[in-house]
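Content type mmCIF, C-alpha atoms and all ligand atoms, from the file work20.cif:
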```cif
data_final
loop_
_atom_site.label_atom_id
_atom_site.label_comp_id
_atom_site.auth_asym_id
_atom_site.auth_seq_id
_atom_site.Cartn_x
_atom_site.Cartn_y
_atom_site.Cartn_z
CA MET A 1 15.86 -2.98 -13.13
CA LYS A 2 17.26 -3.57 -9.65
CA LYS A 3 15.08 -4.26 -6.64
CA GLU A 4 15.71 -0.75 -5.22
CA GLU A 5 14.48 0.90 -8.40
CA ILE A 6 11.35 -1.27 -8.49
CA LEU A 7 10.69 -0.29 -4.88
CA GLU A 8 11.01 3.40 -5.74
CA TYR A 9 8.35 3.02 -8.40
CA LEU A 10 6.08 1.07 -6.07
CA LYS A 11 6.38 3.81 -3.42
CA SER A 12 6.02 6.75 -5.80
CA ASP A 13 2.63 8.34 -6.42
CA LYS A 14 3.59 9.46 -9.92
CA ALA A 15 2.34 6.35 -11.68
CA ASN A 16 1.23 7.87 -15.01
CA SER A 17 4.67 7.91 -16.60
CA LEU A 18 5.16 4.29 -15.50
CA PHE A 19 1.89 3.24 -17.16
CA LYS A 20 2.87 5.09 -20.35
CA LYS A 21 6.22 3.34 -20.47
CA ALA A 22 4.59 -0.06 -19.89
CA ASP A 23 2.08 0.66 -22.65
CA LYS A 24 4.90 1.52 -25.06
CA ILE A 25 6.76 -1.69 -24.25
CA ARG A 26 3.56 -3.69 -24.61
CA LYS A 27 3.01 -2.21 -28.06
CA LEU A 28 6.59 -2.90 -29.11
CA TYR A 29 6.79 -6.50 -27.84
CA CYS A 30 3.20 -7.71 -28.05
CA GLY A 31 1.46 -5.46 -30.58
CA ASP A 32 -2.03 -3.97 -30.33
CA LYS A 33 -3.97 -7.22 -30.48
CA VAL A 34 -5.50 -8.57 -27.29
CA PHE A 35 -5.73 -12.34 -26.83
CA ILE A 36 -8.95 -13.84 -25.50
CA ARG A 37 -9.05 -16.97 -23.34
CA GLY A 38 -12.36 -18.63 -22.44
CA ILE A 39 -12.57 -19.84 -18.86
CA VAL A 40 -14.59 -22.85 -17.69
CA GLU A 41 -14.70 -23.15 -13.90
CA PHE A 42 -15.71 -26.79 -13.91
CA SER A 43 -15.42 -27.64 -10.19
CA ASN A 44 -15.33 -25.63 -6.97
CA HIS A 45 -14.27 -28.57 -4.79
CA CYS A 46 -10.91 -27.92 -3.15
CA CYS A 47 -8.76 -29.86 -0.70
CA ARG A 48 -6.65 -26.81 0.30
CA SER A 49 -7.11 -24.27 3.07
CA CYS A 50 -5.70 -21.05 1.56
CA LEU A 51 -6.59 -18.32 4.04
CA TYR A 52 -7.81 -15.85 1.40
CA CYS A 53 -9.84 -18.12 -0.86
CA GLY A 54 -13.58 -18.82 -0.60
CA LEU A 55 -13.14 -22.29 -2.12
CA ARG A 56 -11.07 -23.45 0.89
CA GLN A 57 -12.26 -26.82 2.16
CA GLU A 58 -13.35 -25.36 5.51
CA ASN A 59 -15.96 -23.17 3.83
CA LYS A 60 -19.24 -24.98 4.36
CA LYS A 61 -21.30 -22.01 3.14
CA ILE A 62 -21.04 -22.72 -0.57
CA LEU A 63 -22.71 -25.40 -2.63
CA ARG A 64 -20.01 -27.56 -4.12
CA TYR A 65 -20.40 -28.66 -7.76
CA ARG A 66 -18.66 -30.67 -10.42
CA MET A 67 -19.59 -30.32 -14.07
CA THR A 68 -19.75 -33.65 -15.88
CA SER A 69 -17.23 -34.51 -18.60
CA GLY A 70 -20.01 -34.17 -21.16
CA GLU A 71 -20.96 -30.71 -19.90
CA ILE A 72 -17.34 -29.55 -20.01
CA ILE A 73 -16.74 -30.88 -23.52
CA ARG A 74 -20.01 -29.42 -24.86
CA LEU A 75 -19.28 -26.04 -23.29
CA ALA A 76 -15.76 -26.05 -24.77
CA ARG A 77 -17.29 -26.67 -28.21
CA GLN A 78 -19.72 -23.76 -27.77
CA ILE A 79 -16.86 -21.45 -26.74
CA ILE A 80 -14.80 -22.50 -29.75
CA GLU A 81 -17.81 -21.90 -32.03
CA GLN A 82 -17.79 -18.30 -30.81
CA GLY A 83 -14.26 -17.87 -32.16
CA VAL A 84 -12.28 -18.28 -28.93
CA LYS A 85 -9.02 -20.19 -29.52
CA THR A 86 -7.90 -20.93 -25.95
CA ILE A 87 -9.95 -22.90 -23.44
CA VAL A 88 -8.92 -22.53 -19.79
CA LEU A 89 -10.07 -25.45 -17.65
CA GLN A 90 -10.04 -24.20 -14.07
CA SER A 91 -11.03 -25.79 -10.75
CA GLY A 92 -10.08 -25.96 -7.12
CA ASP A 93 -7.48 -28.59 -6.19
CA ASP A 94 -10.03 -31.34 -6.77
CA PHE A 95 -8.98 -34.97 -6.65
CA GLY A 96 -12.57 -35.98 -7.38
CA PHE A 97 -11.39 -35.64 -10.99
CA SER A 98 -8.96 -38.48 -11.73
CA GLN A 99 -6.00 -38.33 -14.09
CA LYS A 100 -7.98 -40.50 -16.51
CA THR A 101 -11.14 -38.39 -16.47
CA LEU A 102 -9.22 -35.16 -17.02
CA SER A 103 -7.02 -36.70 -19.73
CA ASP A 104 -10.13 -37.92 -21.56
CA ILE A 105 -11.68 -34.44 -21.41
CA ILE A 106 -8.49 -32.88 -22.82
CA LEU A 107 -8.19 -35.55 -25.55
CA ASN A 108 -11.79 -35.09 -26.54
CA ILE A 109 -11.52 -31.32 -26.91
CA LYS A 110 -8.17 -31.52 -28.71
CA ARG A 111 -9.25 -34.26 -31.13
CA ALA A 112 -12.18 -32.23 -32.32
CA ASN A 113 -10.21 -28.96 -32.35
CA PRO A 114 -6.47 -29.49 -32.76
CA GLU A 115 -5.98 -25.79 -33.54
CA VAL A 116 -7.29 -24.71 -30.14
CA ALA A 117 -4.99 -24.32 -27.13
CA ILE A 118 -5.87 -25.83 -23.76
CA THR A 119 -4.71 -24.17 -20.57
CA LEU A 120 -5.04 -26.06 -17.30
CA CYS A 121 -5.45 -24.37 -13.95
CA LEU A 122 -5.96 -27.27 -11.56
CA GLY A 123 -3.55 -26.49 -8.75
CA GLU A 124 -1.00 -28.95 -7.40
CA ARG A 125 -1.33 -32.60 -8.44
CA PRO A 126 1.03 -35.60 -8.60
CA PHE A 127 3.74 -34.95 -11.22
CA ASP A 128 2.60 -37.98 -13.17
CA ASP A 129 -0.73 -36.24 -13.82
CA TYR A 130 0.98 -33.27 -15.46
CA ARG A 131 2.74 -35.63 -17.84
CA ALA A 132 -0.49 -37.45 -18.69
CA PHE A 133 -2.33 -34.16 -19.33
CA ARG A 134 0.49 -32.96 -21.56
CA ASP A 135 0.38 -36.25 -23.48
CA ALA A 136 -3.36 -35.81 -23.87
CA GLY A 137 -2.72 -32.47 -25.56
CA ALA A 138 -2.72 -29.74 -22.89
CA ASP A 139 -0.58 -26.79 -23.98
CA ARG A 140 -0.31 -24.51 -20.98
CA TYR A 141 -0.47 -24.65 -17.19
CA LEU A 142 -1.36 -21.78 -14.92
CA LEU A 143 -0.16 -22.12 -11.33
CA LYS A 144 0.10 -18.78 -9.59
CA HIS A 145 2.93 -18.49 -7.07
CA GLU A 146 0.65 -16.07 -5.12
CA THR A 147 3.58 -14.56 -3.19
CA ALA A 148 7.34 -15.06 -3.53
CA ASN A 149 7.85 -14.49 0.21
CA PRO A 150 8.26 -18.04 1.60
CA ARG A 151 7.12 -17.15 5.14
CA LEU A 152 4.03 -15.31 3.93
CA TYR A 153 3.36 -18.14 1.46
CA GLU A 154 3.41 -20.71 4.23
CA ARG A 155 1.24 -18.62 6.54
CA LEU A 156 -1.42 -18.20 3.84
CA HIS A 157 -1.30 -21.77 2.51
CA PRO A 158 -1.36 -24.23 5.45
CA GLY A 159 0.43 -27.46 4.57
CA GLN A 160 1.96 -26.07 1.37
CA SER A 161 5.36 -24.59 0.58
CA LEU A 162 6.75 -22.09 -1.89
CA LYS A 163 9.60 -24.50 -2.61
CA LYS A 164 7.15 -27.15 -3.84
CA ARG A 165 5.32 -24.55 -5.90
CA ILE A 166 8.52 -23.52 -7.64
CA GLU A 167 9.60 -27.14 -8.23
CA THR A 168 6.20 -27.76 -9.78
CA LEU A 169 6.47 -24.76 -12.09
CA GLU A 170 9.96 -25.88 -13.16
CA TYR A 171 8.68 -29.38 -13.85
CA LEU A 172 5.77 -28.08 -15.91
CA LYS A 173 8.20 -26.06 -17.97
CA LYS A 174 10.35 -29.14 -18.54
CA LEU A 175 7.32 -31.04 -19.82
CA GLY A 176 6.96 -28.38 -22.51
CA TYR A 177 4.00 -26.53 -21.06
CA GLN A 178 3.84 -22.79 -21.55
CA ILE A 179 3.66 -21.76 -17.91
CA GLY A 180 1.84 -19.05 -16.02
CA ALA A 181 2.60 -17.81 -12.53
CA GLY A 182 1.41 -14.62 -10.83
CA ASN A 183 0.82 -12.97 -7.51
CA ILE A 184 -1.89 -11.36 -5.41
CA VAL A 185 -1.34 -7.68 -4.58
CA GLY A 186 -2.23 -6.37 -1.13
CA LEU A 187 -2.27 -9.61 0.80
CA PRO A 188 -2.46 -9.03 4.55
CA GLY A 189 1.12 -8.90 5.85
CA GLN A 190 2.65 -8.29 2.41
CA THR A 191 5.24 -5.50 1.97
CA LEU A 192 6.26 -3.50 -1.10
CA GLU A 193 9.55 -5.37 -0.92
CA ASP A 194 7.63 -8.63 -1.28
CA LEU A 195 5.98 -7.25 -4.43
CA ALA A 196 9.36 -6.30 -5.88
CA GLU A 197 10.47 -9.89 -5.21
CA ASP A 198 7.34 -11.19 -6.98
CA ILE A 199 8.27 -9.27 -10.12
CA LEU A 200 11.89 -10.41 -10.01
CA PHE A 201 10.75 -13.98 -9.40
CA MET A 202 8.61 -13.98 -12.55
CA LYS A 203 11.48 -12.51 -14.56
CA GLU A 204 13.85 -15.17 -13.21
CA LEU A 205 11.45 -18.04 -13.91
CA ASP A 206 10.89 -16.58 -17.38
CA VAL A 207 7.14 -17.24 -17.23
CA ASP A 208 5.10 -17.16 -20.42
CA MET A 209 2.15 -15.61 -18.62
CA ALA A 210 1.52 -13.84 -15.31
CA GLY A 211 -1.88 -13.46 -13.65
CA ILE A 212 -1.74 -10.50 -11.28
CA GLY A 213 -4.71 -9.15 -9.34
CA PRO A 214 -5.60 -7.35 -6.11
CA PHE A 215 -6.52 -9.21 -2.92
CA ILE A 216 -10.27 -9.12 -2.41
CA PRO A 217 -11.63 -10.31 0.95
CA GLN A 218 -14.10 -13.19 0.96
CA LYS A 219 -16.64 -13.25 3.78
CA ALA A 220 -16.31 -16.94 4.70
CA THR A 221 -12.52 -16.86 5.11
CA PRO A 222 -10.23 -16.00 8.04
CA LEU A 223 -9.19 -12.84 6.11
CA SER A 224 -12.75 -11.53 5.70
CA ASN A 225 -12.09 -8.37 7.71
CA GLN A 226 -8.86 -7.39 6.00
CA PRO A 227 -8.69 -4.40 3.65
CA PRO A 228 -8.66 -5.13 -0.10
CA GLY A 229 -5.57 -4.64 -2.25
CA LYS A 230 -5.36 -1.24 -3.94
CA LEU A 231 -6.14 -0.91 -7.63
CA ASP A 232 -3.37 1.61 -8.24
CA LEU A 233 -0.73 -0.53 -6.61
CA THR A 234 -1.89 -3.54 -8.66
CA LEU A 235 -1.62 -1.49 -11.86
CA LYS A 236 1.91 -0.46 -10.88
CA VAL A 237 2.90 -4.10 -10.32
CA LEU A 238 1.44 -4.98 -13.74
CA ALA A 239 3.25 -2.09 -15.45
CA LEU A 240 6.57 -2.99 -13.82
CA THR A 241 6.10 -6.65 -14.77
CA ARG A 242 5.53 -5.58 -18.37
CA ILE A 243 8.59 -3.31 -18.39
CA ILE A 244 10.83 -5.93 -16.79
CA THR A 245 9.62 -9.12 -18.49
CA LYS A 246 8.89 -7.48 -21.89
CA ASN A 247 6.82 -10.05 -23.80
CA THR A 248 5.07 -12.02 -21.05
CA HIS A 249 1.34 -12.43 -21.57
CA LEU A 250 -0.43 -10.31 -18.96
CA PRO A 251 -4.18 -10.67 -18.48
CA SER A 252 -6.18 -7.72 -17.27
CA THR A 253 -7.75 -9.84 -14.56
CA THR A 254 -11.32 -10.23 -13.34
CA ALA A 255 -10.06 -9.15 -9.90
CA LEU A 256 -9.24 -5.74 -11.45
CA ALA A 257 -12.84 -5.55 -12.66
CA THR A 258 -14.06 -6.45 -9.20
CA SER A 259 -11.95 -3.62 -7.75
CA ASP A 260 -13.42 -1.10 -10.22
CA PRO A 261 -16.19 -2.58 -12.42
CA GLN A 262 -16.27 0.39 -14.83
CA ASN A 263 -12.60 1.00 -15.48
CA GLY A 264 -10.41 -1.59 -13.76
CA GLN A 265 -9.73 -3.76 -16.78
CA VAL A 266 -9.38 -0.89 -19.28
CA LEU A 267 -6.79 0.64 -16.96
CA GLY A 268 -5.05 -2.76 -16.93
CA LEU A 269 -4.98 -2.84 -20.73
CA LYS A 270 -3.45 0.64 -20.68
CA ALA A 271 -0.82 -0.28 -18.10
CA GLY A 272 0.78 -3.18 -19.97
CA CYS A 273 -1.85 -5.95 -20.21
CA ASN A 274 -2.53 -7.80 -23.48
CA VAL A 275 -4.92 -10.62 -22.53
CA LEU A 276 -8.56 -10.90 -21.37
CA MET A 277 -10.13 -14.01 -19.89
CA PRO A 278 -13.94 -13.97 -20.17
CA ASP A 279 -15.87 -16.46 -18.10
CA PHE A 280 -18.16 -19.03 -19.77
CA THR A 281 -19.14 -21.01 -16.66
CA PRO A 282 -22.94 -21.56 -16.62
CA GLU A 283 -24.55 -19.14 -14.15
CA SER A 284 -25.99 -21.89 -11.91
CA TYR A 285 -22.43 -23.07 -11.22
CA ARG A 286 -20.62 -19.76 -11.48
CA LYS A 287 -22.50 -18.28 -8.52
CA ASN A 288 -20.78 -20.86 -6.32
CA TYR A 289 -17.29 -20.24 -7.69
CA THR A 290 -16.73 -17.68 -4.98
CA ILE A 291 -12.95 -17.37 -4.71
CA TYR A 292 -13.65 -13.81 -3.49
CA ASP A 293 -16.76 -11.67 -2.91
CA ASN A 294 -18.60 -9.77 -5.67
CA LYS A 295 -16.60 -11.46 -8.43
CA VAL A 296 -17.94 -9.85 -11.60
CA ARG A 297 -18.76 -11.85 -14.71
CA VAL A 298 -16.71 -10.82 -17.69
CA SER A 299 -18.60 -12.08 -20.77
CA LEU A 300 -17.14 -12.41 -24.27
CA ASP A 301 -19.12 -9.33 -25.34
CA ARG A 302 -17.80 -7.40 -22.39
CA ALA A 303 -14.23 -8.46 -23.24
CA ARG A 304 -14.69 -7.17 -26.80
CA GLU A 305 -16.16 -3.92 -25.47
CA LEU A 306 -13.17 -3.45 -23.13
CA ILE A 307 -10.73 -4.01 -26.00
CA PHE A 308 -12.61 -1.43 -28.09
CA LYS A 309 -12.66 1.05 -25.18
CA ALA A 310 -8.90 0.68 -24.79
CA GLY A 311 -8.45 1.42 -28.51
CA ARG A 312 -7.09 -2.03 -29.27
CA LEU A 313 -7.96 -5.00 -31.51
CA VAL A 314 -9.20 -8.54 -30.84
CA SER A 315 -6.59 -11.09 -31.86
CA PRO A 316 -7.99 -13.92 -33.99
CA SER A 317 -5.10 -16.18 -32.95
CA ARG A 318 -4.71 -18.57 -30.04
CA GLY A 319 -1.92 -16.42 -28.64
CA ASP A 320 0.87 -18.83 -27.79
CA SER A 321 3.82 -17.73 -25.72
CA LEU A 322 5.80 -14.84 -27.17
CA LYS A 323 8.98 -16.32 -25.71
CA CYS A 324 10.69 -17.86 -28.76
CA LYS A 325 11.86 -21.03 -27.11
CA ARG A 326 8.41 -22.16 -26.08
CA ARG A 327 6.59 -21.05 -29.19
CA PRO A 328 5.25 -23.95 -31.29
CA LYS A 329 6.86 -24.21 -34.74
CA ASP A 330 3.70 -23.39 -36.65
CA TYR A 331 3.01 -20.34 -34.51
CA ALA A 332 1.47 -17.41 -36.36
CA TYR A 333 1.95 -13.95 -34.87
CA THR A 334 -1.37 -12.39 -35.78
N1 LIG B 401 -8.45 -12.29 -3.67
C1 LIG B 401 -7.77 -12.24 -4.84
N2 LIG B 401 -7.42 -13.32 -5.55
C2 LIG B 401 -7.81 -14.51 -5.06
N3 LIG B 401 -7.63 -15.76 -5.53
C3 LIG B 401 -8.19 -16.62 -4.69
N4 LIG B 401 -8.76 -15.97 -3.67
C4 LIG B 401 -8.52 -14.64 -3.87
C5 LIG B 401 -8.84 -13.46 -3.15
N5 LIG B 401 -9.52 -13.51 -2.01
C6 LIG B 401 -6.88 -16.04 -6.77
C7 LIG B 401 -5.61 -16.82 -6.50
C8 LIG B 401 -5.82 -18.11 -7.26
C9 LIG B 401 -6.82 -17.70 -8.33
C10 LIG B 401 -7.60 -18.80 -8.92
O1 LIG B 401 -7.66 -16.80 -7.64
O2 LIG B 401 -4.50 -16.12 -7.02
O3 LIG B 401 -4.64 -18.60 -7.82
#
```
Output the file's structure in the form of C-alpha cells.
Ligand code: 5AD
Amino acid sequence: MKKEEILEYLKSDKANSLFKKADKIRKLYCGDKVFIRGIVEFSNHCCRSCLYCGLRQENKKILRYRMTSGEIIRLARQIIEQGVKTIVLQSGDDFGFSQKTLSDIILNIKRANPEVAITLCLGERPFDDYRAFRDAGADRYLLKHETANPRLYERLHPGQSLKKRIETLEYLKKLGYQIGAGNIVGLPGQTLEDLAEDILFMKELDVDMAGIGPFIPQKATPLSNQPPGKLDLTLKVLALTRIITKNTHLPSTTALATSDPQNGQVLGLKAGCNVLMPDFTPESYRKNYTIYDNKVRVSLDRARELIFKAGRLVSPSRGDSLKCKRRPKDYAYT
C-alpha cells in the first residue's frame, strides 16, 4: 500500500470494512490464538523528559520506586506459575539499575525457566548493556519509536533524536533480539501523514512487534491540557499496520482500554490485534507507574475474558516472532 492509499483510509469514516479486512489477515497470518505477555513495571525512575509521559524526571508529584531483584524474580516465578510464557520487564530509563544487576535478574529467571521468553522494555541504554542482557538470555526488546516524524520526535523528547532511536533498534535486531517498535496516535502536533509514515516505518524496519496506542494526557506533564488521541483513529492505524505488515505481533494495548474501558481492547482484537499484555505489578507500586492518567489495570483474568469476548483462544505458547528469520529453531506454532 502506498502512502496516499494509507492516508485515504485514515481520512475515511468508513472504517468497518478496514477492520474486517485486518481481521481476515490476522486470522490468515497469525491464527485465532492470542498471546499473553505478563508485565512487571519494576521501576518508575526515569532520566528522560518526554513531554507526554508522567514518569518524566521533572514530575515531582509521584513517589518513585524500585523493586528489589528478589521481588522481581519472585514475581516472575509467580507469573510463570500462572501459565504465562513471556515476562516483560519494563521501567523508565533508569540507570539506578546497573548492567550487572539487570543481567543477574535475567539470568536468574532464565535459569529457572529456560522455556520462558523475556522481553525487555528499558528504554535507551549504552549498546554494551544490550549485548550483556542478550548474553544473559533476554529474547526480545521493546523500544517504541513513538513517532516517525523527526521534528515532532525531537520536540516531544528533549535531548533525544529519532536517528539514535532507529540506530538502537537496528543494533538490537543485529544482536538477535526480536524487536518491537510502535507509535502513539493523536500526539499534539501530529498529522495523518505522520501516522502513515509510522506504519511505513514499521513495515520498513520489519519489526516483530508493534505497540500502538492513543495519546492520553497526564496531569503533571506539559501536555496535560491537550485532547486525547481518538480511539477510532487508533483502531484504523492498528488495522492498517496489520494489513501492511501481515504477521507482526500487535498487542491490544492498555491505552486502548483506558480510552474505552468496556470495549477498547475487544475492538483492538477485532481490528487486527493478536496479543494482550496483562499487568502483574503489585498495586502499591503500580499506582505510581503513571505514564498517563487513569491507566486501567488489565489482570490475567481480564485478559482471558477479553479473548473470550472476542471469540478467540488463549495461546499456550510463548509466542515468538512470526517472522521466519527471527524465529528460534525449536519454535512451535501453537
Ligand atoms: N499517552 C499514551 N502513551 C504514553 N506512553 C507514555 N506516556 C503516554 C501518554 N501520555 C507510552 C509510550 C511509551 C510507553 C511505555 O508508554 O509509548 O513508550
At most 9 Å from ligand LIG 401 (chain B) (all atoms listed in the file): residue list as a ChimeraX atom specification
/A:50-55,90-92,121,123,142-146,181-187,211-218,221,223-224,228-229,255,290-293
Rounded to one decimal, what separation in Å do you get between CA of Arg297 (chain A) and CA of Val266 (chain A)?
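Distance between the two atoms: 15.1 Å.
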For Ala76 (chain A), find every residue with an atom within 8 Å (counting only C-alpha atoms), except residues of its own chain fewer than 3 positions away, and show them as number ranges by chain.
A: 40, 72-73, 79-80, 87, 109
Separation of CA of Arg56 (chain A) and CA of Phe97 (chain A), in Å?
17.0 Å
Surrounding residues of Phe42 (chain A) excluding itself and chain neighbours under 4 positions, 10 Å, all atoms listed in the file, as a ChimeraX atom specification:
/A:65-69,71-72,88-92,281-282,285-286,289
Using all atoms listed in the file, pick whichever of A:Arg111, A:Lys100, A:His249, A:Arg155 has the shortest atom-to-atom distance to Ala132 (chain A).
A:Lys100
Would you pick out the contacts of region 35-37 of chain A at 8 Å or less, using only C-alpha atoms, so that residues sharing its chain but fewer than 4 positions from it are not included, and give the list as a PyMOL selection string?
chain A and resi 84-88+274-278+303+314-319
re CA of Lys27 (chain A) and CA of Leu250 (chain A): distance 12.7 Å
